>>> print(open('entry_12.cif').read())   # mmCIF, C-alpha atoms
data_run
loop_
_atom_site.label_atom_id
_atom_site.label_comp_id
_atom_site.auth_asym_id
_atom_site.auth_seq_id
_atom_site.Cartn_x
_atom_site.Cartn_y
_atom_site.Cartn_z
CA MET A 25 4.65 38.23 50.06
CA ASN A 26 4.79 34.48 49.66
CA PRO A 27 2.76 32.23 52.01
CA PRO A 28 5.61 31.28 54.42
CA GLU A 29 6.56 34.96 54.87
CA GLN A 30 2.92 35.85 55.39
CA ARG A 31 2.53 33.22 58.10
CA ALA A 32 5.65 34.56 59.84
CA ARG A 33 4.20 38.08 59.87
CA LEU A 34 0.93 36.82 61.37
CA ARG A 35 2.77 34.94 64.10
CA ASP A 36 4.96 37.95 64.94
CA PRO A 37 2.94 41.14 64.34
CA LEU A 38 5.48 43.22 66.28
CA ARG A 39 8.25 42.65 63.73
CA PRO A 40 8.47 45.88 61.69
CA ALA A 41 8.33 45.48 57.93
CA GLY A 42 10.47 47.93 55.95
CA ALA A 43 8.79 51.31 55.99
CA ALA A 44 5.97 50.25 58.37
CA ARG A 45 6.65 53.18 60.70
CA GLU A 46 6.48 55.68 57.85
CA SER A 47 3.32 54.15 56.43
CA ILE A 48 1.62 54.56 59.83
CA LEU A 49 2.56 58.26 59.85
CA ASP A 50 1.68 58.89 56.21
CA GLY A 51 -1.18 61.32 55.73
CA LEU A 52 -0.91 62.85 59.21
CA ASN A 53 -0.33 66.56 59.69
CA GLU A 54 2.44 67.80 61.98
CA ALA A 55 0.25 68.10 65.10
CA GLN A 56 -1.18 64.63 64.54
CA ARG A 57 2.31 63.17 64.09
CA ARG A 58 3.47 64.70 67.37
CA ALA A 59 0.53 63.11 69.18
CA VAL A 60 0.97 59.72 67.49
CA THR A 61 4.71 59.56 68.26
CA HIS A 62 4.50 61.00 71.81
CA PRO A 63 7.18 59.02 73.69
CA GLY A 64 5.10 58.14 76.76
CA GLY A 65 3.45 59.54 79.86
CA PRO A 66 0.21 61.56 79.91
CA LEU A 67 -0.98 63.04 76.62
CA LEU A 68 -4.02 65.27 76.17
CA VAL A 69 -5.09 66.00 72.60
CA LEU A 70 -7.47 68.92 72.11
CA ALA A 71 -9.35 68.47 68.86
CA GLY A 72 -12.54 69.85 67.36
CA ALA A 73 -15.22 67.76 65.72
CA GLY A 74 -14.04 66.27 62.44
CA SER A 75 -10.38 67.16 63.03
CA GLY A 76 -9.15 63.57 63.20
CA MET A 77 -9.13 62.65 66.90
CA THR A 78 -10.07 59.01 66.30
CA ARG A 79 -7.50 58.92 63.50
CA VAL A 80 -4.84 60.02 65.98
CA ILE A 81 -5.82 57.30 68.47
CA THR A 82 -5.88 54.50 65.90
CA HIS A 83 -2.54 55.56 64.41
CA ARG A 84 -1.04 55.86 67.89
CA ILE A 85 -2.11 52.30 68.72
CA ALA A 86 -0.47 51.06 65.53
CA HIS A 87 2.64 53.15 66.23
CA VAL A 88 3.28 51.86 69.77
CA ILE A 89 2.89 48.29 68.47
CA ARG A 90 5.04 48.65 65.35
CA ALA A 91 7.64 51.24 66.34
CA GLU A 92 7.89 50.74 70.11
CA GLY A 93 7.35 46.98 70.24
CA VAL A 94 4.50 47.09 72.76
CA SER A 95 2.49 43.88 72.83
CA PRO A 96 -1.06 44.39 71.51
CA SER A 97 -2.35 42.59 74.61
CA ARG A 98 -1.05 45.45 76.78
CA ILE A 99 -3.05 48.18 75.04
CA VAL A 100 -6.53 49.31 76.14
CA ALA A 101 -8.59 51.77 74.09
CA VAL A 102 -12.02 52.88 75.23
CA THR A 103 -14.76 54.91 73.60
CA PHE A 104 -18.46 55.52 74.20
CA THR A 105 -20.42 53.50 71.63
CA ASN A 106 -20.15 50.00 70.22
CA LYS A 107 -20.23 51.46 66.70
CA ALA A 108 -17.25 53.74 67.41
CA ALA A 109 -15.35 50.86 69.02
CA ALA A 110 -15.93 48.59 66.02
CA GLU A 111 -14.77 51.33 63.65
CA MET A 112 -11.66 51.92 65.76
CA ARG A 113 -10.77 48.23 65.77
CA GLU A 114 -11.24 47.93 62.00
CA ARG A 115 -9.05 50.97 61.36
CA VAL A 116 -6.25 49.68 63.60
CA LEU A 117 -6.29 46.26 61.94
CA SER A 118 -6.25 47.92 58.53
CA LEU A 119 -3.22 50.00 59.52
CA MET A 120 -1.43 46.97 60.93
CA GLY A 121 -2.06 44.95 57.79
CA PHE A 122 -2.93 41.72 59.56
CA ASP A 123 -5.90 40.11 61.30
CA GLY A 124 -4.06 39.95 64.58
CA VAL A 125 -5.19 39.88 68.18
CA LEU A 126 -5.51 43.32 69.74
CA GLY A 127 -5.75 44.00 73.43
CA TRP A 128 -8.98 45.74 74.33
CA ILE A 129 -10.87 48.17 72.10
CA GLY A 130 -14.41 48.74 73.32
CA THR A 131 -16.68 50.80 75.51
CA PHE A 132 -16.16 51.55 79.21
CA HIS A 133 -19.18 49.43 80.05
CA ALA A 134 -18.04 46.45 77.99
CA LEU A 135 -14.58 46.64 79.58
CA CYS A 136 -16.10 46.67 83.07
CA LEU A 137 -18.40 43.78 82.19
CA ARG A 138 -15.35 41.78 81.13
CA ILE A 139 -13.60 42.62 84.41
CA LEU A 140 -16.64 41.68 86.50
CA ARG A 141 -17.18 38.41 84.62
CA ARG A 142 -13.63 37.49 85.54
CA ASP A 143 -13.34 38.82 89.10
CA GLY A 144 -16.84 39.84 90.23
CA ALA A 145 -17.04 36.94 92.68
CA ARG A 146 -14.61 38.91 94.86
CA ILE A 147 -17.45 41.39 95.57
CA GLY A 148 -20.30 38.89 95.74
CA LEU A 149 -21.39 38.65 92.11
CA ALA A 150 -22.11 35.02 91.38
CA PRO A 151 -20.91 33.63 88.03
CA GLY A 152 -23.41 34.17 85.24
CA PHE A 153 -24.89 37.33 86.76
CA ASN A 154 -27.47 39.13 84.62
CA VAL A 155 -27.19 42.63 83.16
CA TYR A 156 -30.54 44.42 83.15
CA ASP A 157 -31.34 46.50 80.08
CA THR A 158 -33.65 49.54 80.17
CA ASP A 159 -36.81 47.45 79.82
CA ASP A 160 -35.75 45.21 82.71
CA GLN A 161 -34.95 48.24 84.87
CA LEU A 162 -38.29 49.92 84.14
CA ALA A 163 -40.20 46.71 84.89
CA LEU A 164 -38.42 46.45 88.23
CA VAL A 165 -39.10 50.08 89.17
CA LYS A 166 -42.78 49.73 88.20
CA ARG A 167 -43.10 46.64 90.39
CA LEU A 168 -41.50 48.43 93.34
CA LEU A 169 -43.72 51.49 92.88
CA ARG A 170 -46.86 49.35 92.91
CA GLU A 171 -45.91 48.38 96.46
CA GLU A 172 -45.71 52.02 97.60
CA PRO A 173 -48.59 54.26 98.76
CA ARG A 174 -50.08 56.13 95.81
CA ASP A 175 -49.83 59.48 97.57
CA ALA A 176 -46.07 59.07 97.95
CA LEU A 177 -45.46 59.00 94.18
CA THR A 178 -44.33 62.28 92.64
CA GLY A 179 -42.92 61.06 89.31
CA SER A 180 -43.07 58.43 86.60
CA PRO A 181 -41.11 55.15 86.73
CA ARG A 182 -38.77 56.47 84.03
CA ALA A 183 -38.16 59.66 86.03
CA TYR A 184 -37.32 57.69 89.17
CA LEU A 185 -34.98 55.44 87.19
CA SER A 186 -33.25 58.52 85.74
CA ARG A 187 -32.69 59.93 89.25
CA ILE A 188 -31.29 56.59 90.48
CA SER A 189 -28.95 56.57 87.48
CA ARG A 190 -27.86 60.14 88.26
CA ALA A 191 -27.07 59.12 91.84
CA LYS A 192 -24.99 56.17 90.65
CA ASN A 193 -23.07 58.33 88.18
CA GLY A 194 -22.30 60.63 91.10
CA LEU A 195 -21.18 57.59 93.12
CA GLU A 196 -23.94 58.12 95.67
CA SER A 197 -25.25 55.04 97.47
CA PRO A 198 -28.80 54.84 98.88
CA ALA A 199 -27.30 55.65 102.30
CA ASP A 200 -25.52 58.71 100.88
CA LEU A 201 -28.75 59.91 99.32
CA GLU A 202 -30.66 59.37 102.55
CA GLN A 203 -28.14 61.44 104.51
CA ARG A 204 -28.89 64.51 102.40
CA ALA A 205 -32.63 63.82 102.14
CA TYR A 206 -33.85 67.31 103.03
CA ALA A 207 -37.32 66.77 101.54
CA PRO A 208 -39.87 63.92 101.66
CA GLU A 209 -39.48 63.20 97.93
CA ILE A 210 -35.71 62.71 98.36
CA GLN A 211 -36.37 60.44 101.34
CA PHE A 212 -38.75 58.43 99.17
CA LEU A 213 -36.19 58.28 96.34
CA ALA A 214 -33.50 57.05 98.74
CA ARG A 215 -35.82 54.29 99.99
CA LEU A 216 -36.79 53.30 96.44
CA TYR A 217 -33.13 53.31 95.37
CA GLY A 218 -32.25 51.03 98.29
CA ARG A 219 -35.08 48.61 97.43
CA TYR A 220 -34.03 48.69 93.76
CA GLN A 221 -30.44 47.72 94.64
CA GLU A 222 -31.60 44.99 97.00
CA SER A 223 -33.81 43.55 94.25
CA LEU A 224 -30.86 43.52 91.87
CA ARG A 225 -28.76 41.76 94.49
CA ARG A 226 -31.37 39.06 95.08
CA ALA A 227 -31.65 38.50 91.32
CA ASN A 228 -27.84 38.26 90.94
CA ALA A 229 -28.08 41.16 88.51
CA VAL A 230 -26.55 44.55 87.76
CA ASP A 231 -27.79 47.39 85.62
CA PHE A 232 -25.82 49.40 83.07
CA ASP A 233 -24.57 51.97 85.59
CA ASP A 234 -23.58 49.22 88.03
CA LEU A 235 -21.03 47.89 85.54
CA LEU A 236 -18.90 50.96 86.22
CA VAL A 237 -19.76 51.34 89.90
CA ARG A 238 -19.20 47.66 90.76
CA ALA A 239 -15.89 47.58 88.85
CA LEU A 240 -14.73 50.55 90.94
CA GLU A 241 -15.97 48.76 94.07
CA LEU A 242 -13.88 45.74 93.07
CA PHE A 243 -10.76 47.87 92.56
CA THR A 244 -11.30 49.74 95.84
CA GLU A 245 -11.95 46.68 98.01
CA HIS A 246 -9.27 44.55 96.35
CA PRO A 247 -6.22 46.68 95.49
CA ASP A 248 -4.37 43.57 94.29
CA VAL A 249 -6.98 43.13 91.55
CA ALA A 250 -6.69 46.80 90.57
CA GLU A 251 -2.89 46.56 90.46
CA GLY A 252 -3.10 43.43 88.33
CA TYR A 253 -5.14 45.18 85.65
CA ALA A 254 -3.09 48.39 85.86
CA SER A 255 0.20 46.53 85.46
CA ARG A 256 -1.09 44.85 82.29
CA CYS A 257 -2.43 48.14 80.86
CA GLU A 258 0.79 49.58 79.43
CA HIS A 259 -1.03 52.09 77.23
CA LEU A 260 -4.53 53.46 77.85
CA LEU A 261 -6.23 55.55 75.15
CA VAL A 262 -9.58 57.27 75.67
CA ASP A 263 -11.63 58.66 72.80
CA GLU A 264 -14.11 61.50 73.51
CA TYR A 265 -12.60 61.95 76.98
CA GLN A 266 -14.68 65.09 77.57
CA ASP A 267 -17.76 62.88 77.91
CA THR A 268 -16.44 60.87 80.86
CA ASN A 269 -18.44 60.86 84.07
CA ARG A 270 -16.90 60.48 87.53
CA PRO A 271 -16.84 56.64 87.60
CA GLN A 272 -15.20 56.57 84.16
CA TYR A 273 -12.64 59.18 85.22
CA LEU A 274 -11.75 57.13 88.30
CA LEU A 275 -11.45 53.97 86.19
CA VAL A 276 -9.02 55.81 83.89
CA ARG A 277 -6.95 56.84 86.93
CA ARG A 278 -6.88 53.28 88.26
CA LEU A 279 -5.94 51.66 84.96
CA ALA A 280 -3.22 54.23 84.20
CA SER A 281 -1.78 54.21 87.71
CA HIS A 282 1.05 51.74 87.04
CA HIS A 283 2.56 52.83 83.70
CA GLY A 284 1.17 56.36 83.40
CA ASN A 285 0.78 56.15 79.62
CA VAL A 286 -2.68 57.62 79.18
CA CYS A 287 -3.79 59.41 76.03
#
>>> encode(input="entry_12.cif", output="structure tokens")
Amino acid sequence: MNPPEQRARLRDPLRPAGAARESILDGLNEAQRRAVTHPGGPLLVLAGAGSGMTRVITHRIAHVIRAEGVSPSRIVAVTFTNKAAAEMRERVLSLMGFDGVLGWIGTFHALCLRILRRDGARIGLAPGFNVYDTDDQLALVKRLLREEPRDALTGSPRAYLSRISRAKNGLESPADLEQRAYAPEIQFLARLYGRYQESLRRANAVDFDDLLVRALELFTEHPDVAEGYASRCEHLLVDEYQDTNRPQYLLVRRLASHHGNVC
């Protein structure tokens, strides 16, 4: 390829080149090909460990761009670790044969952080909000526990933080937890959880779990924002879907609600 032709390909990555479609399907078995070329709508791929699930997702991304003409900016692919996301991105770019601009390939949490950085002000998050890591969270819980009566403590700071995280992943607010507080230790946990959230609010901060919960809050309280993201998400692909928790499942439903192309 001479330089002018190469520049044209980089400017227009959707233009198929000869046998591009076949090259994307090369090396796939029949079941993988069916998944990669699925025409649209919901698609659930059941695959054991090491059977090529990530391969199917990366080849499907390349296929809908090359063969179906979908803009890379309208494709969202999510997985569970930064390492897996980086590998997925590299494999897609290798298949495409150009250093182009993809839509979104990353983790659920990174996707929600991006959404909140853009639109979090709609739910009271000031620009430049902080994201607390585990050390920050533990330091906050320890400080809050020092202000509680010693005889009320029944667990370690890490244990309390784990129970707060479990409540968030179940989409339980401090008020929800208090309503089912059938024992003094649950009542204490609900109070601690409430103080923890108030401290985050005063610090203009969120923790890791809040990235998902606050993104859902944004979509619920502002349907126009949710519709805006869903309309731009023409294809949504989820790796390791069996590991999704309830907030992640609801985010998948929201983002796939407009086009319905979810793999």
>>> residues_near_point(input="entry_12.cif", point="(-20.5, 54.8, 81.5)", cutoff="9 Å", atoms="only C-alpha atoms", output="PyMOL selection string")
chain A and resi 104+131-133+193+232-233+235-236+268-269+271-272
>>> residues_around(input="entry_12.cif", residues="range 242-259 of chain A", least_positions_apart="2", cutoff="9 Å", atoms="all atoms listed in the file", output="ChimeraX atom specification")
/A:64,85,88,94-95,97-101,139-140,143-144,146-147,237-240,261,275,278-287
>>> residues_near_point(input="entry_12.cif", point="(-44.6, 52.5, 93.9)", cutoff="12 Å", atoms="all atoms listed in the file", output="VMD selection string")
chain A and resid 162 to 181 184 212 to 213 215 to 217 219 to 220
>>> resolve_selection(input="entry_12.cif", expression="the PyMOL selection byres ((chain A and resi 116-118) around 12)", output="tab-separated table (two decimals) with C-alpha atoms, in the coordinates of the input")
chain	number	residue	atom	x	y	z
A	34	LEU	CA	0.93	36.82	61.37
A	37	PRO	CA	2.94	41.14	64.34
A	47	SER	CA	3.32	54.15	56.43
A	48	ILE	CA	1.62	54.56	59.83
A	78	THR	CA	-10.07	59.01	66.30
A	79	ARG	CA	-7.50	58.92	63.50
A	80	VAL	CA	-4.84	60.02	65.98
A	81	ILE	CA	-5.82	57.30	68.47
A	82	THR	CA	-5.88	54.50	65.90
A	83	HIS	CA	-2.54	55.56	64.41
A	84	ARG	CA	-1.04	55.86	67.89
A	85	ILE	CA	-2.11	52.30	68.72
A	86	ALA	CA	-0.47	51.06	65.53
A	87	HIS	CA	2.64	53.15	66.23
A	88	VAL	CA	3.28	51.86	69.77
A	89	ILE	CA	2.89	48.29	68.47
A	90	ARG	CA	5.04	48.65	65.35
A	96	PRO	CA	-1.06	44.39	71.51
A	99	ILE	CA	-3.05	48.18	75.04
A	101	ALA	CA	-8.59	51.77	74.09
A	109	ALA	CA	-15.35	50.86	69.02
A	110	ALA	CA	-15.93	48.59	66.02
A	111	GLU	CA	-14.77	51.33	63.65
A	112	MET	CA	-11.66	51.92	65.76
A	113	ARG	CA	-10.77	48.23	65.77
A	114	GLU	CA	-11.24	47.93	62.00
A	115	ARG	CA	-9.05	50.97	61.36
A	119	LEU	CA	-3.22	50.00	59.52
A	120	MET	CA	-1.43	46.97	60.93
A	121	GLY	CA	-2.06	44.95	57.79
A	122	PHE	CA	-2.93	41.72	59.56
A	123	ASP	CA	-5.90	40.11	61.30
A	124	GLY	CA	-4.06	39.95	64.58
A	125	VAL	CA	-5.19	39.88	68.18
A	126	LEU	CA	-5.51	43.32	69.74
A	127	GLY	CA	-5.75	44.00	73.43
A	128	TRP	CA	-8.98	45.74	74.33
A	129	ILE	CA	-10.87	48.17	72.10
>>> atom_distance(input="entry_12.cif", atom1="CA of Asp160 in chain A", atom2="CA of Leu224 in chain A")
10.5 Å
>>> closest_residue(input="entry_12.cif", among="A:Arg270, A:Arg277, A:His62, A:Arg57", to="Glu196 in chain A", atoms="all atoms listed in the file")
A:Arg270
>>> closest_residue(input="entry_12.cif", among="A:Ala229, A:Ala207, A:Ala59, A:Val69", to="Val155 in chain A", atoms="only C-alpha atoms")
A:Ala229
>>> closest_residue(input="entry_12.cif", among="A:Arg58, A:Thr103, A:Ala73, A:Glu92", to="Leu260 in chain A", atoms="all atoms listed in the file")
A:Thr103
>>> atom_distance(input="entry_12.cif", atom1="CA of Glu54 in chain A", atom2="CA of Asp267 in chain A")
26.2 Å
>>> closest_residue(input="entry_12.cif", among="A:Cys136, A:Leu67, A:Met77, A:Leu49", to="Ala91 in chain A", atoms="only C-alpha atoms")
A:Leu49
>>> decode(input="entry_12.cif", residues="range 43-76 of chain A", atoms="C-alpha atoms", output="short mmCIF file (atom, residue, chain, number, x, y, z; two decimals), in the first residue's frame")
data_model
loop_
_atom_site.label_atom_id
_atom_site.label_comp_id
_atom_site.auth_asym_id
_atom_site.auth_seq_id
_atom_site.Cartn_x
_atom_site.Cartn_y
_atom_site.Cartn_z
CA ALA A 43 -11.23 -9.76 1.47
CA ALA A 44 -11.41 -7.87 4.80
CA ARG A 45 -14.61 -9.68 5.80
CA GLU A 46 -13.08 -13.09 5.13
CA SER A 47 -9.88 -12.22 6.98
CA ILE A 48 -11.94 -11.30 10.06
CA LEU A 49 -13.66 -14.70 9.94
CA ASP A 50 -10.51 -16.69 9.19
CA GLY A 51 -9.56 -19.12 11.92
CA LEU A 52 -13.01 -19.19 13.53
CA ASN A 53 -14.94 -22.43 13.92
CA GLU A 54 -18.55 -22.67 12.76
CA ALA A 55 -20.10 -21.76 16.13
CA GLN A 56 -17.78 -18.77 16.49
CA ARG A 57 -18.62 -17.59 12.97
CA ARG A 58 -22.35 -17.73 13.71
CA ALA A 59 -21.84 -15.57 16.80
CA VAL A 60 -19.54 -13.10 15.02
CA THR A 61 -21.93 -12.64 12.08
CA HIS A 62 -25.16 -12.60 14.12
CA PRO A 63 -27.31 -10.03 12.25
CA GLY A 64 -28.48 -8.05 15.29
CA GLY A 65 -30.65 -8.15 18.38
CA PRO A 66 -29.80 -9.99 21.61
CA LEU A 67 -27.07 -12.64 21.44
CA LEU A 68 -25.99 -14.88 24.32
CA VAL A 69 -22.84 -16.93 23.78
CA LEU A 70 -22.28 -19.83 26.18
CA ALA A 71 -18.59 -20.67 26.29
CA GLY A 72 -16.31 -22.53 28.65
CA ALA A 73 -12.97 -21.25 29.87
CA GLY A 74 -10.40 -21.13 27.09
CA SER A 75 -12.95 -21.73 24.32
CA GLY A 76 -12.47 -18.34 22.65
#
